[in-house]
There are 2 protein chains.
Amino acid sequence: MNDISPSPMVNYLVRFDILSRHMQEMDMKIGVMGTGMVGHALAGKLAALGHEVMMAAREADNPKARDWAKSTGQRSGTYAEAAAFAEVVVFAVNGSALLSAAESAGPALAGKVVIDVTNPLDTSRDGMPVLIPEMSNTTSAGEMLQASHPEARVVKALNTMNCAVMVDPGRVPGQHDVFLCGNDDAAKATVSTLLRSFGWAAPIDLGPIEAARGMESMMPFWLRLWQALGTADFNYRIAR
Amino acid sequence: MNDISPSPMVNYLVRFDILSRHMQEMDMKIGVMGTGMVGHALAGKLAALGHEVMMAAREADNPKARDWAKSTGQRSGTYAEAAAFAEVVVFAVNGSALLSAAESAGPALAGKVVIDVTNPLDTSRDGMPVLIPEMSNTTSAGEMLQASHPEARVVKALNTMNCAVMVDPGRVPGQHDVFLCGNDDAAKATVSTLLRSFGWAAPIDLGPIEAARGMESMMPFWLRLWQALGTADFNYRIAR
């Protein structure tokens, strides 16, 4: 990349400059669908990294989205407005609301990188949540999202951990892993670059979007660990 | 334990002797239900550790169980014979066959420590196996086994990894974890001691047998990792 490197330090500075320009070029318009804890964690991190972020809700003028936009100097809008605005869309809604949110977002999702962070949990029952049977085991939220928008470039990622860890992997000491899957390799590369900008090492690619079945089936285990450990500041490391 | 320790070395030797006697006292009669890879791995390890092992099958004089017993100088028998013989019973059958195997084992399971290593996988479908819906999500193989034999002291363990790793955690480099759950604390302590004798550090206790839902829901994820990594020599480490 640079054939005349008079010293390692100069070489380092040249590389830093290339990296810096690369990161600036990566600044993107990102729509974060969802106004809960996960949406706020992701929107806040993406804005802090210099992206243009729209926090989106089902209805126009959602107070949580509007307040977030006001306090950060970013945007708020409806799911459809965020889908039209964004190059990358993140679904950070409740899993049970994913497909209706995607329907609201509409045809503008076509061609976009769509990051699905959801878990299809039924939280209406007493006790520990279970997976929604119609969205798990023989299918998954990720697959259903992809099937509902065949032209969207869906990548499942980040659903295997607490939202504070998603955007700050250093909260958990030592090495630990983030996973992704999807049918579009270029979309997975974009998500991988975003994840690295959050502080993650290279994600483990589990293959096509069908692997979302496996990623989402981690949540019942995660909930038991959460209960047993008494903290959400943990994550999986794949020892090998 | 030893008030007169003239030197650290002597102290070490005294402690080693106590540990050694403790391990001998732990030698137990163990029934291993299942003649497949998992059954062979566990029966072989338990026999090598000095336990008296009976490998059991549904039918009397199962050739795989008989051959194993002949080659190791151990025993073979039916599920019912193994349940009567053993202090500790390990179910290492296909998850779909667990409840009928437990029924064959019969009332002799009452009061015994019963280690459930199974995963309720439907392997009859094309492609990647899925969980058996009637044995997962809102229930689990472990819970159904406990419900079928209320007096058995069921502990779910070791189902989250390949059988070669179960009995030889050193196959996978670095630190990694084994989990267990069950309703009987003394039974969990016995299983924990057995696991330590296999080379494991202290297991992570996920609570009552209901947590088997979480442990068994790991298998769809494990299968995707297996496919992506191209090896079964991996395991989970909980970073925290």
# chains A, B, ... in the order shown; residues from 1 in each chain; ligands from 1
>>> residues_around(residues="Met219 of chain B", least_positions_apart="4", cutoff="9 Å", atoms="only C-alpha atoms", output="MDAnalysis selection string")
(chainID A and resid 214 217:218) or (chainID B and resid 119 121 130:131 159:161 215 223:224)
>>> residues_around(residues="segment 172-180 of chain A", least_positions_apart="4", cutoff="8 Å", atoms="only C-alpha atoms", output="PyMOL selection string")
(chain A and resi 155-158+160+165+188+200-207+215+233-238) or (chain B and resi 239-240)
>>> write_last_selection(atoms="C-alpha atoms", output="CSV table (one decimal), in the first residue's frame")
chain,number,residue,atom,x,y,z
A,155,VAL,CA,-27.9,-10.7,8.8
A,156,LYS,CA,-28.6,-12.2,12.2
A,157,ALA,CA,-26.2,-10.9,14.8
A,158,LEU,CA,-25.8,-9.8,18.4
A,160,THR,CA,-26.9,-13.9,22.0
A,165,VAL,CA,-22.3,-6.1,26.1
A,188,LYS,CA,-22.1,-10.1,6.4
A,200,TRP,CA,-15.4,-7.1,18.7
A,201,ALA,CA,-12.9,-9.5,17.2
A,202,ALA,CA,-13.9,-11.2,13.9
A,203,PRO,CA,-17.3,-12.7,14.3
A,204,ILE,CA,-17.9,-16.5,13.9
A,205,ASP,CA,-19.9,-16.9,10.6
A,206,LEU,CA,-22.4,-19.7,11.1
A,207,GLY,CA,-23.5,-19.8,7.4
A,215,MET,CA,-28.5,-18.5,17.4
A,233,ASP,CA,-22.3,-9.2,32.0
A,234,PHE,CA,-21.3,-12.5,30.5
A,235,ASN,CA,-20.9,-14.0,27.1
A,236,TYR,CA,-19.9,-17.1,25.2
A,237,ARG,CA,-16.4,-18.0,24.2
A,238,ILE,CA,-16.0,-20.9,21.8
B,239,ALA,CA,-16.7,-15.4,30.0
B,240,ARG,CA,-17.7,-13.2,32.9
>>> residues_around(residues="Phe198 of chain A", least_positions_apart="4", cutoff="7 Å", atoms="only C-alpha atoms", output="ChimeraX atom specification")
/A:167-168,194
>>> residues_around(residues="Ile132 of chain B", least_positions_apart="2", cutoff="6 Å", atoms="only C-alpha atoms", output="list in words")
Pro120, Leu121, Asp122, Glu134 and Met135 of chain B
>>> write_last_selection(atoms="N, CA, C and O atoms", output="PDB file, in the first residue's frame")
ATOM      1  N   PRO B 120     -33.055 -34.179  22.917  1.00  0.00           N
ATOM      2  CA  PRO B 120     -34.275 -34.643  22.252  1.00  0.00           C
ATOM      3  C   PRO B 120     -34.318 -34.205  20.784  1.00  0.00           C
ATOM      4  O   PRO B 120     -35.127 -33.363  20.397  1.00  0.00           O
ATOM      5  N   LEU B 121     -33.444 -34.810  19.976  1.00  0.00           N
ATOM      6  CA  LEU B 121     -33.347 -34.425  18.568  1.00  0.00           C
ATOM      7  C   LEU B 121     -34.199 -35.328  17.701  1.00  0.00           C
ATOM      8  O   LEU B 121     -34.221 -36.547  17.876  1.00  0.00           O
ATOM      9  N   ASP B 122     -34.872 -34.711  16.751  1.00  0.00           N
ATOM     10  CA  ASP B 122     -35.565 -35.441  15.685  1.00  0.00           C
ATOM     11  C   ASP B 122     -34.584 -35.563  14.521  1.00  0.00           C
ATOM     12  O   ASP B 122     -34.327 -34.588  13.820  1.00  0.00           O
ATOM     13  N   GLU B 134     -42.470 -31.938  21.224  1.00  0.00           N
ATOM     14  CA  GLU B 134     -43.133 -32.374  22.462  1.00  0.00           C
ATOM     15  C   GLU B 134     -42.153 -32.522  23.622  1.00  0.00           C
ATOM     16  O   GLU B 134     -42.568 -32.762  24.766  1.00  0.00           O
ATOM     17  N   MET B 135     -40.845 -32.435  23.337  1.00  0.00           N
ATOM     18  CA  MET B 135     -39.844 -32.623  24.390  1.00  0.00           C
ATOM     19  C   MET B 135     -38.980 -31.374  24.575  1.00  0.00           C
ATOM     20  O   MET B 135     -37.883 -31.457  25.162  1.00  0.00           O
TER      21      MET B 135
END
>>> closest_residue(among="B:Gln146, B:Thr190, B:Thr139, B:Thr35", to="chain A", atoms="only C-alpha atoms")
B:Thr139
>>> residues_around(residues="Gly31 of chain B", least_positions_apart="3", cutoff="12 Å", atoms="only C-alpha atoms", output="PyMOL selection string")
chain B and resi 28+34-35+39-40+42-44+46-47+51-57+65+74-92+105+108-109+112-115
>>> closest_residue(among="A:Ala186, A:Ala141, A:Met128, A:Ala164", to="chain B", atoms="only C-alpha atoms")
A:Met128
>>> closest_residue(among="B:Leu98, B:Ser136, B:Val191, B:Gly127", to="Ala211 of chain A", atoms="only C-alpha atoms")
B:Gly127
>>> closest_residue(among="B:Val154, B:Cys181, B:Ile30, B:Met144", to="chain A", atoms="only C-alpha atoms")
B:Cys181
>>> select_by_dssp(residues="chain A", states="strand (DSSP E or B)", output="NGL selection string")
:A and (29-33 or 52-57 or 75-78 or 88-91 or 113-116 or 121-122 or 130-131 or 153-157 or 179-182 or 204-205 or 235-239)
>>> atom_distance(atom1="atom CA of Ala187 of chain B", atom2="atom CA of Phe221 of chain B")
28.1 Å
>>> select_by_dssp(residues="segment 5-225 of chain A", states="alpha helix (DSSP H)", output="PyMOL selection string")
chain A and resi 8-26+37-48+63-72+79-85+98-105+141-148+163-166+185-198+212-216+219-225
>>> closest_residue(among="A:His149, A:Arg125, A:Lys70, A:Lys29", to="chain B", atoms="only C-alpha atoms")
A:Arg125
>>> atom_distance(atom1="atom CA of Met37 of chain B", atom2="atom CA of Gly95 of chain B")
13.8 Å
>>> residues_around(residues="Thr231 of chain A", least_positions_apart="5", cutoff="10 Å", atoms="only C-alpha atoms", output="PyMOL selection string")
(chain A and resi 162+225-226) or (chain B and resi 240)
>>> write_last_selection(atoms="all heavy atoms", output="PDB file, in the first residue's frame")
ATOM      1  N   ASN A 162     -26.591  -9.650  26.210  1.00  0.00           N
ATOM      2  CA  ASN A 162     -27.219  -8.449  26.731  1.00  0.00           C
ATOM      3  C   ASN A 162     -26.808  -7.231  25.894  1.00  0.00           C
ATOM      4  O   ASN A 162     -25.699  -7.164  25.368  1.00  0.00           O
ATOM      5  CB  ASN A 162     -26.766  -8.261  28.184  1.00  0.00           C
ATOM      6  CG  ASN A 162     -27.306  -6.996  28.795  1.00  0.00           C
ATOM      7  OD1 ASN A 162     -26.628  -5.976  28.819  1.00  0.00           O
ATOM      8  ND2 ASN A 162     -28.528  -7.025  29.262  1.00  0.00           N
ATOM      9  N   LEU A 225     -28.534 -18.953  32.501  1.00  0.00           N
ATOM     10  CA  LEU A 225     -27.231 -18.478  32.971  1.00  0.00           C
ATOM     11  C   LEU A 225     -27.374 -17.152  33.709  1.00  0.00           C
ATOM     12  O   LEU A 225     -26.758 -16.937  34.764  1.00  0.00           O
ATOM     13  CB  LEU A 225     -26.280 -18.286  31.780  1.00  0.00           C
ATOM     14  CG  LEU A 225     -25.464 -19.486  31.340  1.00  0.00           C
ATOM     15  CD1 LEU A 225     -24.734 -19.151  30.050  1.00  0.00           C
ATOM     16  CD2 LEU A 225     -24.454 -19.907  32.407  1.00  0.00           C
ATOM     17  N   TRP A 226     -28.165 -16.269  33.148  1.00  0.00           N
ATOM     18  CA  TRP A 226     -28.416 -14.956  33.751  1.00  0.00           C
ATOM     19  C   TRP A 226     -28.920 -15.142  35.179  1.00  0.00           C
ATOM     20  O   TRP A 226     -28.444 -14.495  36.122  1.00  0.00           O
ATOM     21  CB  TRP A 226     -29.430 -14.226  32.886  1.00  0.00           C
ATOM     22  CG  TRP A 226     -29.804 -12.842  33.314  1.00  0.00           C
ATOM     23  CD1 TRP A 226     -28.985 -11.872  33.804  1.00  0.00           C
ATOM     24  CD2 TRP A 226     -31.123 -12.276  33.251  1.00  0.00           C
ATOM     25  NE1 TRP A 226     -29.717 -10.729  34.043  1.00  0.00           N
ATOM     26  CE2 TRP A 226     -31.029 -10.946  33.720  1.00  0.00           C
ATOM     27  CE3 TRP A 226     -32.363 -12.759  32.838  1.00  0.00           C
ATOM     28  CZ2 TRP A 226     -32.141 -10.104  33.785  1.00  0.00           C
ATOM     29  CZ3 TRP A 226     -33.461 -11.920  32.899  1.00  0.00           C
ATOM     30  CH2 TRP A 226     -33.346 -10.603  33.367  1.00  0.00           C
TER      31      TRP A 226
ATOM     32  N   ARG B 240     -16.941 -14.056  31.980  1.00  0.00           N
ATOM     33  CA  ARG B 240     -17.689 -13.186  32.891  1.00  0.00           C
ATOM     34  C   ARG B 240     -16.742 -12.470  33.811  1.00  0.00           C
ATOM     35  O   ARG B 240     -15.607 -12.872  33.976  1.00  0.00           O
ATOM     36  CB  ARG B 240     -18.698 -13.991  33.729  1.00  0.00           C
ATOM     37  CG  ARG B 240     -18.080 -15.245  34.334  1.00  0.00           C
ATOM     38  CD  ARG B 240     -19.065 -15.976  35.204  1.00  0.00           C
ATOM     39  NE  ARG B 240     -18.698 -17.376  35.360  1.00  0.00           N
ATOM     40  CZ  ARG B 240     -18.978 -18.109  36.434  1.00  0.00           C
ATOM     41  NH1 ARG B 240     -19.655 -17.603  37.427  1.00  0.00           N
ATOM     42  NH2 ARG B 240     -18.611 -19.375  36.516  1.00  0.00           N
TER      43      ARG B 240
END
>>> closest_residue(among="B:Pro169, B:Glu210, B:Ala69, B:Thr138", to="chain A", atoms="only C-alpha atoms")
B:Thr138
